[in-house]
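Here's upload.txt, which has compact mmCIF, C-alpha atoms:
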# COMPACT_ATOMS: atom_id res chain seq x y z
CA MET A 1 9.12 23.17 -36.67
CA ALA A 2 11.22 21.83 -33.83
CA PHE A 3 10.79 18.43 -32.23
CA PRO A 4 8.30 17.19 -30.96
CA PHE A 5 6.08 19.15 -33.35
CA ALA A 6 7.75 17.78 -36.49
CA LEU A 7 5.16 16.42 -38.89
CA GLU A 8 7.47 13.87 -40.44
CA GLY A 9 8.02 10.54 -38.76
CA THR A 10 6.30 7.23 -38.34
CA TYR A 11 3.00 6.80 -36.55
CA ASN A 12 3.83 3.77 -34.45
CA GLU A 13 1.66 2.49 -31.62
CA ILE A 14 0.86 4.94 -28.85
CA GLU A 15 -0.11 4.32 -25.24
CA THR A 16 -3.65 5.63 -24.78
CA LYS A 17 -3.66 5.95 -21.00
CA TYR A 18 -3.31 9.75 -20.92
CA ILE A 19 -4.22 10.94 -24.42
CA PHE A 20 -7.90 11.65 -23.67
CA GLY A 21 -7.59 14.29 -20.93
CA PHE A 22 -9.93 13.64 -18.00
CA THR A 23 -11.08 10.46 -19.72
CA ASP A 24 -8.71 7.55 -19.17
CA GLY A 25 -7.52 5.25 -21.92
CA SER A 26 -7.47 1.49 -21.39
CA ASP A 27 -3.72 0.97 -21.75
CA ILE A 28 -1.92 0.23 -18.51
CA GLY A 29 1.67 0.41 -19.75
CA ALA A 30 4.27 -2.25 -20.39
CA GLU A 31 5.40 -4.86 -17.87
CA GLY A 32 8.56 -3.54 -16.27
CA GLU A 33 7.70 0.15 -16.57
CA LYS A 34 8.24 2.46 -13.62
CA ALA A 35 7.49 6.16 -13.64
CA ILE A 36 7.19 9.27 -11.54
CA GLU A 37 4.26 11.49 -12.37
CA LEU A 38 3.15 14.96 -11.38
CA GLU A 39 -0.58 15.54 -11.74
CA THR A 40 -2.29 18.87 -11.14
CA ASN A 41 -6.06 19.19 -11.03
CA GLY A 42 -7.74 22.56 -10.80
CA ALA A 43 -11.35 23.59 -10.19
CA PHE A 44 -12.29 27.21 -10.82
CA ARG A 45 -15.32 29.44 -10.26
CA LYS A 46 -18.43 28.91 -8.19
CA ARG A 47 -21.57 31.05 -7.86
CA HIS A 48 -20.35 34.62 -7.14
CA GLY A 49 -17.04 35.57 -5.55
CA ARG A 50 -13.67 34.05 -6.34
CA TYR A 51 -12.96 30.35 -6.19
CA SER A 52 -10.04 28.15 -7.07
CA ALA A 53 -9.05 24.75 -5.71
CA ILE A 54 -5.86 23.16 -6.99
CA GLU A 55 -4.76 19.67 -6.07
CA GLN A 56 -1.21 18.53 -6.69
CA GLU A 57 -0.36 14.83 -6.75
CA VAL A 58 3.06 13.20 -6.78
CA GLU A 59 2.75 9.64 -7.99
CA PHE A 60 4.88 6.55 -8.33
CA GLU A 61 3.65 4.15 -11.00
CA ALA A 62 4.67 0.59 -11.75
CA VAL A 63 3.52 -2.16 -14.09
CA PRO A 64 4.45 -5.52 -12.53
CA THR A 65 2.57 -7.71 -15.04
CA GLN A 66 1.07 -7.47 -18.53
CA PHE A 67 -2.39 -7.20 -16.93
CA PHE A 68 -1.92 -5.11 -13.81
CA ALA A 69 -0.55 -1.69 -12.89
CA TYR A 70 -0.63 0.41 -9.75
CA GLU A 71 0.05 3.95 -8.63
CA LEU A 72 0.78 5.35 -5.18
CA SER A 73 0.14 9.05 -4.67
CA ALA A 74 0.60 11.84 -2.12
CA HIS A 75 -1.70 14.84 -2.44
CA GLY A 76 -1.56 18.52 -1.51
CA MET A 77 -4.28 21.14 -1.94
CA ALA A 78 -4.41 24.90 -2.35
CA HIS A 79 -7.68 26.77 -1.89
CA ALA A 80 -8.41 30.42 -2.59
CA ILE A 81 -12.06 31.17 -1.74
CA SER A 82 -13.68 34.53 -1.13
CA GLY A 83 -17.29 35.64 -1.36
CA VAL A 84 -18.63 32.34 -2.69
CA ASP A 85 -22.22 31.40 -1.84
CA GLY A 86 -22.29 28.62 0.73
CA LEU A 87 -18.54 28.49 1.38
CA ASP A 88 -16.40 30.20 4.01
CA ASP A 89 -13.58 32.40 2.82
CA LEU A 90 -10.33 30.47 2.89
CA HIS A 91 -6.78 30.79 1.63
CA ARG A 92 -4.69 27.74 2.50
CA VAL A 93 -2.10 25.34 1.11
CA THR A 94 -1.75 22.03 2.91
CA PRO A 95 -0.94 18.33 2.48
CA SER A 96 -4.30 16.72 1.88
CA GLY A 97 -4.11 12.96 1.57
CA LEU A 98 -2.93 9.70 0.09
CA SER A 99 -4.32 7.47 -2.59
CA ALA A 100 -3.60 4.44 -4.72
CA ARG A 101 -4.83 3.41 -8.13
CA PHE A 102 -5.07 -0.18 -9.32
CA ARG A 103 -5.60 -0.94 -13.01
CA TYR A 104 -6.52 -4.36 -14.30
CA LEU A 105 -6.58 -4.94 -18.05
CA LEU A 106 -9.46 -7.21 -19.06
CA ILE A 107 -9.04 -6.93 -22.84
CA GLY A 108 -5.87 -5.62 -24.44
CA ARG A 109 -6.35 -3.54 -27.59
CA GLY A 110 -4.20 -4.93 -30.41
CA PRO A 111 -4.14 -7.62 -33.09
CA GLY A 112 -6.54 -9.78 -31.07
CA SER A 113 -9.12 -7.12 -30.24
CA PRO A 114 -10.09 -3.72 -31.64
CA ILE A 115 -11.26 -2.65 -28.18
CA GLY A 116 -9.32 -2.27 -24.97
CA LEU A 117 -11.12 -2.68 -21.65
CA THR A 118 -9.74 -1.95 -18.20
CA VAL A 119 -11.20 -1.69 -14.71
CA THR A 120 -9.68 0.57 -12.08
CA ALA A 121 -10.11 1.23 -8.38
CA GLU A 122 -8.69 4.33 -6.70
CA PRO A 123 -9.06 4.29 -2.91
CA GLU A 124 -8.23 7.61 -1.25
CA TRP A 125 -7.87 9.01 2.23
CA SER A 126 -8.14 12.76 2.56
CA ARG A 127 -7.85 15.23 5.43
CA VAL A 128 -9.13 18.19 3.41
CA ASP A 129 -12.52 18.63 1.75
CA GLY A 130 -11.83 19.10 -1.93
CA THR A 131 -14.56 21.68 -2.45
CA SER A 132 -14.59 23.82 0.69
CA GLY A 133 -11.00 23.26 1.84
CA ILE A 134 -12.06 22.67 5.46
CA PHE A 135 -10.30 19.96 7.45
CA THR A 136 -12.16 16.69 7.38
CA ARG A 137 -11.68 12.95 7.43
CA SER A 138 -12.81 11.29 4.28
CA PHE A 139 -12.47 7.87 2.72
CA GLY A 140 -13.56 7.10 -0.77
CA SER A 141 -12.78 5.28 -3.94
CA ASN A 142 -13.29 5.96 -7.59
CA PHE A 143 -14.20 2.84 -9.54
CA LYS A 144 -14.04 3.05 -13.32
CA ILE A 145 -14.58 1.00 -16.43
CA LEU A 146 -12.39 2.24 -19.28
CA ALA A 147 -12.85 1.34 -22.93
CA ASP A 148 -11.10 2.64 -26.02
CA THR A 149 -10.51 1.84 -29.66
CA GLU A 150 -8.64 3.04 -32.74
CA LEU A 151 -11.01 4.46 -35.35
CA ILE A 152 -8.05 5.01 -37.69
CA PRO A 153 -5.08 2.84 -36.71
CA ASN A 154 -2.45 4.83 -34.82
CA ARG A 155 -4.13 8.17 -35.72
CA LEU A 156 -7.69 8.57 -34.42
CA PHE A 157 -8.76 7.17 -31.06
CA ALA A 158 -12.02 7.09 -29.11
CA ALA A 159 -12.62 6.31 -25.46
CA ALA A 160 -15.45 6.06 -22.98
CA ASN A 161 -15.43 5.80 -19.19
CA LEU A 162 -18.03 4.90 -16.60
CA SER A 163 -17.26 5.92 -13.04
CA TYR A 164 -18.72 5.52 -9.57
CA ALA A 165 -17.09 7.35 -6.67
CA PRO A 166 -18.58 6.70 -3.22
CA GLU A 167 -17.19 8.69 -0.31
CA ILE A 168 -17.77 8.94 3.40
CA ASP A 169 -16.55 11.98 5.28
CA LYS A 170 -16.82 13.85 8.55
CA ALA A 171 -15.72 17.44 9.05
CA VAL A 172 -13.55 18.13 12.09
CA GLY A 173 -15.85 18.81 15.04
CA GLU A 174 -18.88 17.25 13.38
CA PRO A 175 -20.41 14.18 15.05
CA VAL A 176 -21.88 12.49 11.99
CA TRP A 177 -20.37 10.81 8.98
CA THR A 178 -21.86 11.84 5.64
CA ARG A 179 -22.22 9.55 2.66
CA SER A 180 -22.05 10.82 -0.88
CA SER A 181 -21.32 9.52 -4.34
CA THR A 182 -20.78 10.71 -7.87
CA PHE A 183 -21.69 8.81 -11.01
CA GLY A 184 -20.02 9.81 -14.22
CA THR A 185 -19.77 8.96 -17.87
CA THR A 186 -17.31 10.49 -20.27
CA GLY A 187 -16.42 10.18 -23.93
CA ALA A 188 -13.42 11.48 -25.84
CA LEU A 189 -11.82 11.59 -29.26
CA ALA A 190 -8.10 12.07 -29.80
CA TRP A 191 -6.41 12.84 -33.11
CA ARG A 192 -2.69 12.33 -33.48
CA PHE A 193 -1.73 15.12 -35.82
CA THR A 194 2.01 14.55 -35.52
CA PRO A 195 3.75 11.37 -34.33
CA LYS A 196 4.39 13.04 -30.96
CA VAL A 197 1.40 15.35 -30.51
CA THR A 198 -2.23 14.37 -30.01
CA VAL A 199 -5.16 16.75 -29.64
CA GLY A 200 -8.75 15.98 -28.89
CA ALA A 201 -12.04 16.84 -27.27
CA GLU A 202 -14.17 15.25 -24.60
CA VAL A 203 -17.61 15.38 -23.04
CA GLU A 204 -18.20 14.51 -19.38
CA TYR A 205 -21.43 14.11 -17.46
CA PHE A 206 -21.68 13.72 -13.68
CA ARG A 207 -24.48 13.22 -11.17
CA ALA A 208 -23.98 13.86 -7.45
CA TYR A 209 -25.91 12.15 -4.65
CA GLU A 210 -25.87 12.40 -0.88
CA SER A 211 -25.92 8.63 -0.51
CA PHE A 212 -24.02 5.64 -1.89
CA GLY A 213 -26.84 4.89 -4.32
CA PHE A 214 -29.26 6.98 -6.31
CA LYS A 215 -31.00 8.59 -3.33
CA ASN A 216 -30.87 12.28 -2.40
CA PHE A 217 -29.97 13.71 -5.78
CA GLN A 218 -27.81 16.82 -5.35
CA GLY A 219 -27.14 17.95 -8.88
CA HIS A 220 -25.71 17.18 -12.27
CA ALA A 221 -23.28 18.80 -14.65
CA MET A 222 -22.02 18.39 -18.20
CA TYR A 223 -18.57 19.54 -19.26
CA VAL A 224 -16.91 19.86 -22.64
CA GLY A 225 -13.35 20.77 -23.44
CA PRO A 226 -10.17 20.21 -25.43
CA THR A 227 -7.24 17.91 -24.66
CA LEU A 228 -3.55 17.87 -25.54
CA TYR A 229 -0.91 15.17 -25.28
CA ILE A 230 2.78 15.55 -26.13
CA GLN A 231 5.30 12.73 -26.14
CA ILE A 232 8.33 14.88 -25.35
CA THR A 233 10.81 12.01 -25.52
CA ASN A 234 10.44 8.23 -25.37
CA LYS A 235 10.57 8.57 -21.57
CA MET A 236 8.74 11.83 -20.95
CA MET A 237 5.21 12.95 -21.69
CA PHE A 238 3.05 15.96 -20.97
CA ALA A 239 -0.74 16.05 -21.05
CA ALA A 240 -3.24 18.86 -20.52
CA ALA A 241 -7.01 19.09 -20.45
CA TYR A 242 -9.51 21.86 -19.82
CA SER A 243 -13.26 21.64 -19.59
CA THR A 244 -16.07 24.02 -18.82
CA GLN A 245 -19.55 23.29 -17.50
CA VAL A 246 -22.06 23.88 -20.27
CA ALA A 247 -25.19 22.41 -18.69
CA GLY A 248 -26.31 21.36 -15.27
CA HIS A 249 -28.59 22.02 -12.37
CA ALA A 250 -28.31 21.81 -8.59
CA ALA A 251 -31.21 20.38 -6.59
CA GLY A 252 -33.26 23.19 -5.04
CA ASP A 253 -31.62 25.87 -7.15
CA ASP A 254 -33.47 27.54 -10.02
CA GLN A 255 -30.35 28.96 -11.59
CA PRO A 256 -28.67 27.27 -14.55
CA LEU A 257 -25.57 25.11 -14.04
CA ASP A 258 -24.68 23.23 -10.88
CA LEU A 259 -22.08 25.37 -9.20
CA ALA A 260 -22.84 23.99 -5.74
CA ASN A 261 -21.55 20.46 -6.32
CA PHE A 262 -19.28 21.16 -9.31
CA SER A 263 -17.06 23.98 -10.45
CA ARG A 264 -17.57 26.03 -13.61
CA HIS A 265 -14.15 25.17 -15.03
CA ARG A 266 -11.75 22.26 -14.62
CA ALA A 267 -8.17 21.83 -15.72
CA ARG A 268 -5.64 19.01 -15.54
CA LEU A 269 -1.90 18.90 -16.21
CA ARG A 270 0.18 15.74 -16.18
CA PHE A 271 3.90 15.25 -16.55
CA GLU A 272 5.41 11.77 -16.49
CA TYR A 273 9.01 10.66 -16.42
CA GLU A 274 9.59 6.97 -16.99
CA PHE A 275 12.75 5.32 -15.72
CA MET B 1 -11.00 2.76 13.94
CA HIS B 2 -14.28 1.53 12.58
CA MET B 3 -13.83 3.56 9.40
CA ASN B 4 -10.27 2.34 8.93
CA ASP B 5 -11.49 -1.26 9.17
CA LEU B 6 -14.24 -0.50 6.66
CA MET B 7 -11.81 0.98 4.14
CA ALA B 8 -9.30 -1.85 4.61
CA ARG B 9 -12.05 -4.39 3.90
CA ALA B 10 -13.25 -2.46 0.86
CA LEU B 11 -9.70 -2.27 -0.52
CA ALA B 12 -9.07 -5.97 0.10
CA GLY B 13 -12.36 -6.83 -1.59
CA ALA B 14 -11.49 -4.75 -4.62
CA LEU B 15 -8.08 -6.40 -4.92
CA ILE B 16 -9.51 -9.89 -4.58
CA GLY B 17 -12.14 -9.04 -7.17
CA LEU B 18 -9.53 -7.82 -9.61
CA ALA B 19 -7.29 -10.84 -9.05
CA ALA B 20 -10.20 -13.19 -9.63
CA VAL B 21 -10.93 -11.84 -13.10
CA PRO B 22 -9.95 -14.43 -15.69
CA GLY B 23 -6.85 -13.18 -17.45
CA GLY B 24 -4.48 -15.99 -18.05
CA LYS B 25 -2.85 -17.22 -14.85
CA GLU B 26 -3.72 -20.75 -15.83
CA ALA B 27 -2.24 -20.09 -19.23
CA TRP B 28 1.11 -19.12 -17.72
CA ALA B 29 1.39 -22.64 -16.39
CA GLN B 30 1.13 -24.16 -19.86
CA GLN B 31 4.11 -25.15 -21.95
CA ARG B 32 5.89 -22.09 -23.32
CA THR B 33 7.28 -21.66 -26.80
CA THR B 34 10.80 -20.28 -26.81
CA ILE B 35 11.90 -17.65 -29.32
CA GLN B 36 15.62 -17.00 -29.74
CA LEU B 37 16.36 -13.39 -30.65
CA THR B 38 19.69 -11.60 -31.00
CA LEU B 39 20.56 -7.95 -31.31
CA LYS B 40 23.67 -7.16 -33.34
CA ASN B 41 24.72 -3.91 -35.00
CA HIS B 42 21.40 -2.53 -33.75
CA ARG B 43 19.38 -5.06 -35.73
CA PHE B 44 17.14 -7.81 -34.45
CA GLU B 45 17.83 -11.26 -35.84
CA PRO B 46 15.47 -12.70 -36.91
CA ALA B 47 13.59 -9.49 -37.65
CA GLU B 48 10.29 -11.38 -37.93
CA PRO B 49 10.23 -14.37 -35.63
CA HIS B 50 7.13 -16.57 -35.81
CA ALA B 51 5.18 -18.01 -32.90
CA PRO B 52 2.00 -20.05 -32.42
CA ALA B 53 -1.18 -18.31 -31.29
CA GLY B 54 -2.74 -19.07 -27.96
CA GLN B 55 0.40 -20.28 -26.18
CA PRO B 56 2.58 -18.48 -23.66
CA LEU B 57 5.96 -17.49 -25.06
CA ILE B 58 9.40 -16.78 -23.76
CA ILE B 59 11.77 -14.58 -25.73
CA LEU B 60 15.46 -15.19 -25.07
CA LEU B 61 17.16 -11.98 -26.18
CA ARG B 62 20.95 -11.85 -26.48
CA ASN B 63 22.48 -8.44 -27.00
CA LEU B 64 25.68 -8.90 -29.00
CA ASP B 65 26.30 -5.15 -29.16
CA GLN B 66 28.44 -3.43 -26.58
CA THR B 67 25.78 -0.80 -25.87
CA PRO B 68 22.68 -1.42 -23.74
CA ALA B 69 19.28 -1.81 -25.36
CA GLU B 70 15.71 -1.74 -24.11
CA PHE B 71 13.42 -4.31 -25.68
CA GLU B 72 9.96 -2.76 -25.77
CA SER B 73 6.60 -3.39 -27.36
CA LYS B 74 3.32 -1.55 -26.80
CA THR B 75 1.21 -4.44 -28.07
CA LEU B 76 3.18 -7.16 -26.30
CA ARG B 77 3.07 -4.87 -23.24
CA VAL B 78 6.64 -5.52 -22.11
CA GLU B 79 9.84 -3.58 -21.73
CA LYS B 80 13.17 -4.85 -20.46
CA VAL B 81 16.70 -3.45 -20.48
CA VAL B 82 19.50 -5.72 -21.64
CA VAL B 83 23.07 -4.61 -21.02
CA GLY B 84 25.73 -4.75 -23.72
CA GLY B 85 26.80 -8.37 -24.16
CA GLY B 86 23.98 -9.53 -21.89
CA GLN B 87 20.93 -11.74 -22.15
CA VAL B 88 17.39 -11.46 -20.80
CA ASN B 89 14.33 -13.70 -20.77
CA ILE B 90 10.98 -12.05 -21.52
CA ASN B 91 7.74 -13.83 -20.68
CA ILE B 92 4.83 -13.17 -23.01
CA ARG B 93 1.20 -14.09 -22.39
CA PRO B 94 -0.72 -16.23 -24.95
CA LEU B 95 -1.36 -14.04 -27.98
CA ALA B 96 -4.01 -13.79 -30.68
CA ALA B 97 -2.87 -14.12 -34.28
CA GLY B 98 -1.35 -10.95 -35.71
CA ARG B 99 1.81 -8.87 -36.08
CA TYR B 100 3.27 -7.39 -32.92
CA ARG B 101 5.90 -4.68 -33.36
CA PHE B 102 8.84 -4.59 -30.98
CA PHE B 103 11.74 -2.18 -30.89
CA ASP B 104 14.82 -1.01 -29.01
CA ASP B 105 13.64 2.01 -27.03
CA PHE B 106 17.22 3.34 -26.96
CA HIS B 107 17.47 3.16 -30.78
CA GLU B 108 13.88 3.29 -32.02
CA GLU B 109 14.79 2.63 -35.66
CA THR B 110 15.80 -0.86 -34.47
CA GLN B 111 12.59 -2.82 -34.73
CA GLY B 112 11.08 -6.16 -35.63
CA PHE B 113 7.73 -7.92 -35.71
CA LEU B 114 6.60 -10.99 -33.85
CA VAL B 115 4.32 -12.84 -36.26
CA VAL B 116 1.77 -14.90 -34.36
CA GLU B 117 -0.25 -17.38 -36.41
Please, can you express the file's structure as structure tokens?
Amino acid sequence: MAFPFALEGTYNEIETKYIFGFTDGSDIGAEGEKAIELETNGAFRKRHGRYSAIEQEVEFEAVPTQFFAYELSAHGMAHAISGVDGLDDLHRVTPSGLSARFRYLLIGRGPGSPIGLTVTAEPEWSRVDGTSGIFTRSFGSNFKILADTELIPNRLFAAANLSYAPEIDKAVGEPVWTRSSTFGTTGALAWRFTPKVTVGAEVEYFRAYESFGFKNFQGHAMYVGPTLYIQITNKMMFAAAYSTQVAGHAAGDDQPLDLANFSRHRARLRFEYEF
Amino acid sequence: MHMNDLMARALAGALIGLAAVPGGKEAWAQQRTTIQLTLKNHRFEPAEPHAPAGQPLIILLRNLDQTPAEFESKTLRVEKVVVGGGQVNINIRPLAAGRYRFFDDFHEETQGFLVVE
């Protein structure tokens, strides 16, 4: 088979940052790295009708020290909504916001530690509501704790994330700011079945609240899905992940799954070029 | 305006919190051990330099080839381009004992191991 699917080769160290799909690995990159990344996140299907929301990010990444990395991102969103319960019909593509991501490595995985541990903060300003697509003003941040390890050196990896994402937003024309937050925990396994290709699976669980804490529970959802990571060249990588909601429940709704606060399907594509 | 102030304060707090996490700034100020490394005919010399554990290091890499190279290591968490005939200094944090692979990212078969003990 053609490169990068060749089975022969050496299984050297791999950077775990993007090998777990929606779950983040603890690696932050090497001091001196700079990269441009395209990240596409899609959410598909709500209760009834047709629903898709796709967010495209263009990111600049840099690793100025052996402990710290940052990303600066510009976002655009495309919504196609028709006949969905609780949402107005909408078809629109528009620039949607800006964000940054700061990664601080607490424990580096390697000869000194079997476990890697990183904390991240991702502040974001958005002018478009990610779910409904209506114009809004929102400020939020996703805080995460990332841990990973090598179950079989350089071949089988495991990761877990804890996340907390508070957000405050106000729709255009509305007088009141609304607080909300999402708590999440995810776990993933990734198997490197060729030196350049890694496949895996992950489980994600989220709880949504209409407050910054644990008040006003809105719903919860569990997703499962496969992941793929391809190291195209030493300087280029591609990653993909898909997950589908398999369990969940929205507050005040007797139907299975939470399709009010979460979508039925999620997908993510990432392409990175390092220079 | 109020919301912008709130977000700016939250961001500043997060950054200060991250910077305050113990990670080795004090260690950088300690005495560094210097490791001399050369690259010739796409081979590192020495191929397995030794270094003491728990001390910051500085690798002085001289590229005696006429082609550029990129010193890189996933476990050392550094990468640096050195032009043909050039020299670079690479700062390394204090390390735990172990073997740390490094390689030339432009010629990946060119590799060596830093042995920390």
I'd like a table as JSON lines: residues in chain B with an atom no more than 6 Å from chain A, each row giving the shortest atom pair and its distance in Å to one decimal, only C-alpha atoms counted, sorted by chain and rising residue number.
{"residue": "B:Thr75", "atom": "CA", "partner": "A:Gly110", "partner_atom": "CA", "distance": 5.9}
{"residue": "B:Arg77", "atom": "CA", "partner": "A:Ala30", "partner_atom": "CA", "distance": 4.1}
{"residue": "B:Val78", "atom": "CA", "partner": "A:Ala30", "partner_atom": "CA", "distance": 4.4}
{"residue": "B:Glu79", "atom": "CA", "partner": "A:Gly32", "partner_atom": "CA", "distance": 5.6}
{"residue": "B:Ala96", "atom": "CA", "partner": "A:Gly112", "partner_atom": "CA", "distance": 4.8}
{"residue": "B:Gly98", "atom": "CA", "partner": "A:Pro111", "partner_atom": "CA", "distance": 5.1}
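Pairwise distance (atom CA of A:Asp254, atom CA of A:Glu202) equals 27.1 Å.
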Within 12 Å of (20.8, -4.6, -34.1) (coordinates as in the file), grab all the protein and nucleic acid residues, counting all atoms listed in the file, and write them out as a PyMOL selection string. chain B and resi 37-47+61-71+84+103-104+106-112
Deliver the residues from the most recent selection as a file, using C-alpha atoms, as an mmCIF file, in the frame of the given file.
data_model
loop_
_atom_site.group_PDB
_atom_site.id
_atom_site.type_symbol
_atom_site.label_atom_id
_atom_site.label_comp_id
_atom_site.auth_asym_id
_atom_site.auth_seq_id
_atom_site.Cartn_x
_atom_site.Cartn_y
_atom_site.Cartn_z
ATOM 1 C CA LEU B 37 16.360 -13.390 -30.650
ATOM 2 C CA THR B 38 19.690 -11.600 -31.000
ATOM 3 C CA LEU B 39 20.560 -7.950 -31.310
ATOM 4 C CA LYS B 40 23.670 -7.160 -33.340
ATOM 5 C CA ASN B 41 24.720 -3.910 -35.000
ATOM 6 C CA HIS B 42 21.400 -2.530 -33.750
ATOM 7 C CA ARG B 43 19.380 -5.060 -35.730
ATOM 8 C CA PHE B 44 17.140 -7.810 -34.450
ATOM 9 C CA GLU B 45 17.830 -11.260 -35.840
ATOM 10 C CA PRO B 46 15.470 -12.700 -36.910
ATOM 11 C CA ALA B 47 13.590 -9.490 -37.650
ATOM 12 C CA LEU B 61 17.160 -11.980 -26.180
ATOM 13 C CA ARG B 62 20.950 -11.850 -26.480
ATOM 14 C CA ASN B 63 22.480 -8.440 -27.000
ATOM 15 C CA LEU B 64 25.680 -8.900 -29.000
ATOM 16 C CA ASP B 65 26.300 -5.150 -29.160
ATOM 17 C CA GLN B 66 28.440 -3.430 -26.580
ATOM 18 C CA THR B 67 25.780 -0.800 -25.870
ATOM 19 C CA PRO B 68 22.680 -1.420 -23.740
ATOM 20 C CA ALA B 69 19.280 -1.810 -25.360
ATOM 21 C CA GLU B 70 15.710 -1.740 -24.110
ATOM 22 C CA PHE B 71 13.420 -4.310 -25.680
ATOM 23 C CA GLY B 84 25.730 -4.750 -23.720
ATOM 24 C CA PHE B 103 11.740 -2.180 -30.890
ATOM 25 C CA ASP B 104 14.820 -1.010 -29.010
ATOM 26 C CA PHE B 106 17.220 3.340 -26.960
ATOM 27 C CA HIS B 107 17.470 3.160 -30.780
ATOM 28 C CA GLU B 108 13.880 3.290 -32.020
ATOM 29 C CA GLU B 109 14.790 2.630 -35.660
ATOM 30 C CA THR B 110 15.800 -0.860 -34.470
ATOM 31 C CA GLN B 111 12.590 -2.820 -34.730
ATOM 32 C CA GLY B 112 11.080 -6.160 -35.630
#
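Note that the spacing between atom CA of B:Leu95 and atom CA of A:Ile115 amounts to 15.1 Å.
We find atom CA of A:Gly200 and atom CA of A:Ile19 to be spaced 8.1 Å apart.
For B:Glu117, the set of protein, DNA and RNA residues having any atom at most 6 Å away, when counting all atoms listed in the file and skipping those fewer than 4 positions along the same chain, is B:Pro52, B:Ala53, B:Ala97.
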Excluding A:Glu61 and its own-chain neighbours fewer than 2 positions away, which residues fall within 8 Å of it when counting all atoms listed in the file? Please give them as JSON, numbers by chain. {"A": [33, 34, 35, 36, 37, 59, 63, 69, 70, 71, 72]}
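Residue nearest A:Asn216 within the list A:His265, A:His249, A:Arg179, A:Lys170: A:Arg179 [criterion: smallest interatomic distance, all atoms listed in the file].
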Selection near A:Gly21, 10 Å with only C-alpha atoms, sequence-local residues under 3 positions removed, as a short mmCIF file (atom, residue, chain, number, x, y, z; two decimals) with C-alpha atoms, in the coordinates of the input:
data_model
loop_
_atom_site.label_atom_id
_atom_site.label_comp_id
_atom_site.auth_asym_id
_atom_site.auth_seq_id
_atom_site.Cartn_x
_atom_site.Cartn_y
_atom_site.Cartn_z
CA LYS A 17 -3.66 5.95 -21.00
CA TYR A 18 -3.31 9.75 -20.92
CA ASP A 24 -8.71 7.55 -19.17
CA GLY A 25 -7.52 5.25 -21.92
CA ALA A 188 -13.42 11.48 -25.84
CA LEU A 189 -11.82 11.59 -29.26
CA ALA A 190 -8.10 12.07 -29.80
CA VAL A 199 -5.16 16.75 -29.64
CA GLY A 200 -8.75 15.98 -28.89
CA ALA A 201 -12.04 16.84 -27.27
CA GLU A 202 -14.17 15.25 -24.60
CA GLY A 225 -13.35 20.77 -23.44
CA PRO A 226 -10.17 20.21 -25.43
CA THR A 227 -7.24 17.91 -24.66
CA LEU A 228 -3.55 17.87 -25.54
CA TYR A 229 -0.91 15.17 -25.28
CA ALA A 239 -0.74 16.05 -21.05
CA ALA A 240 -3.24 18.86 -20.52
CA ALA A 241 -7.01 19.09 -20.45
CA TYR A 242 -9.51 21.86 -19.82
CA SER A 243 -13.26 21.64 -19.59
CA ALA A 267 -8.17 21.83 -15.72
CA ARG A 268 -5.64 19.01 -15.54
CA LEU A 269 -1.90 18.90 -16.21
CA ARG A 270 0.18 15.74 -16.18
#
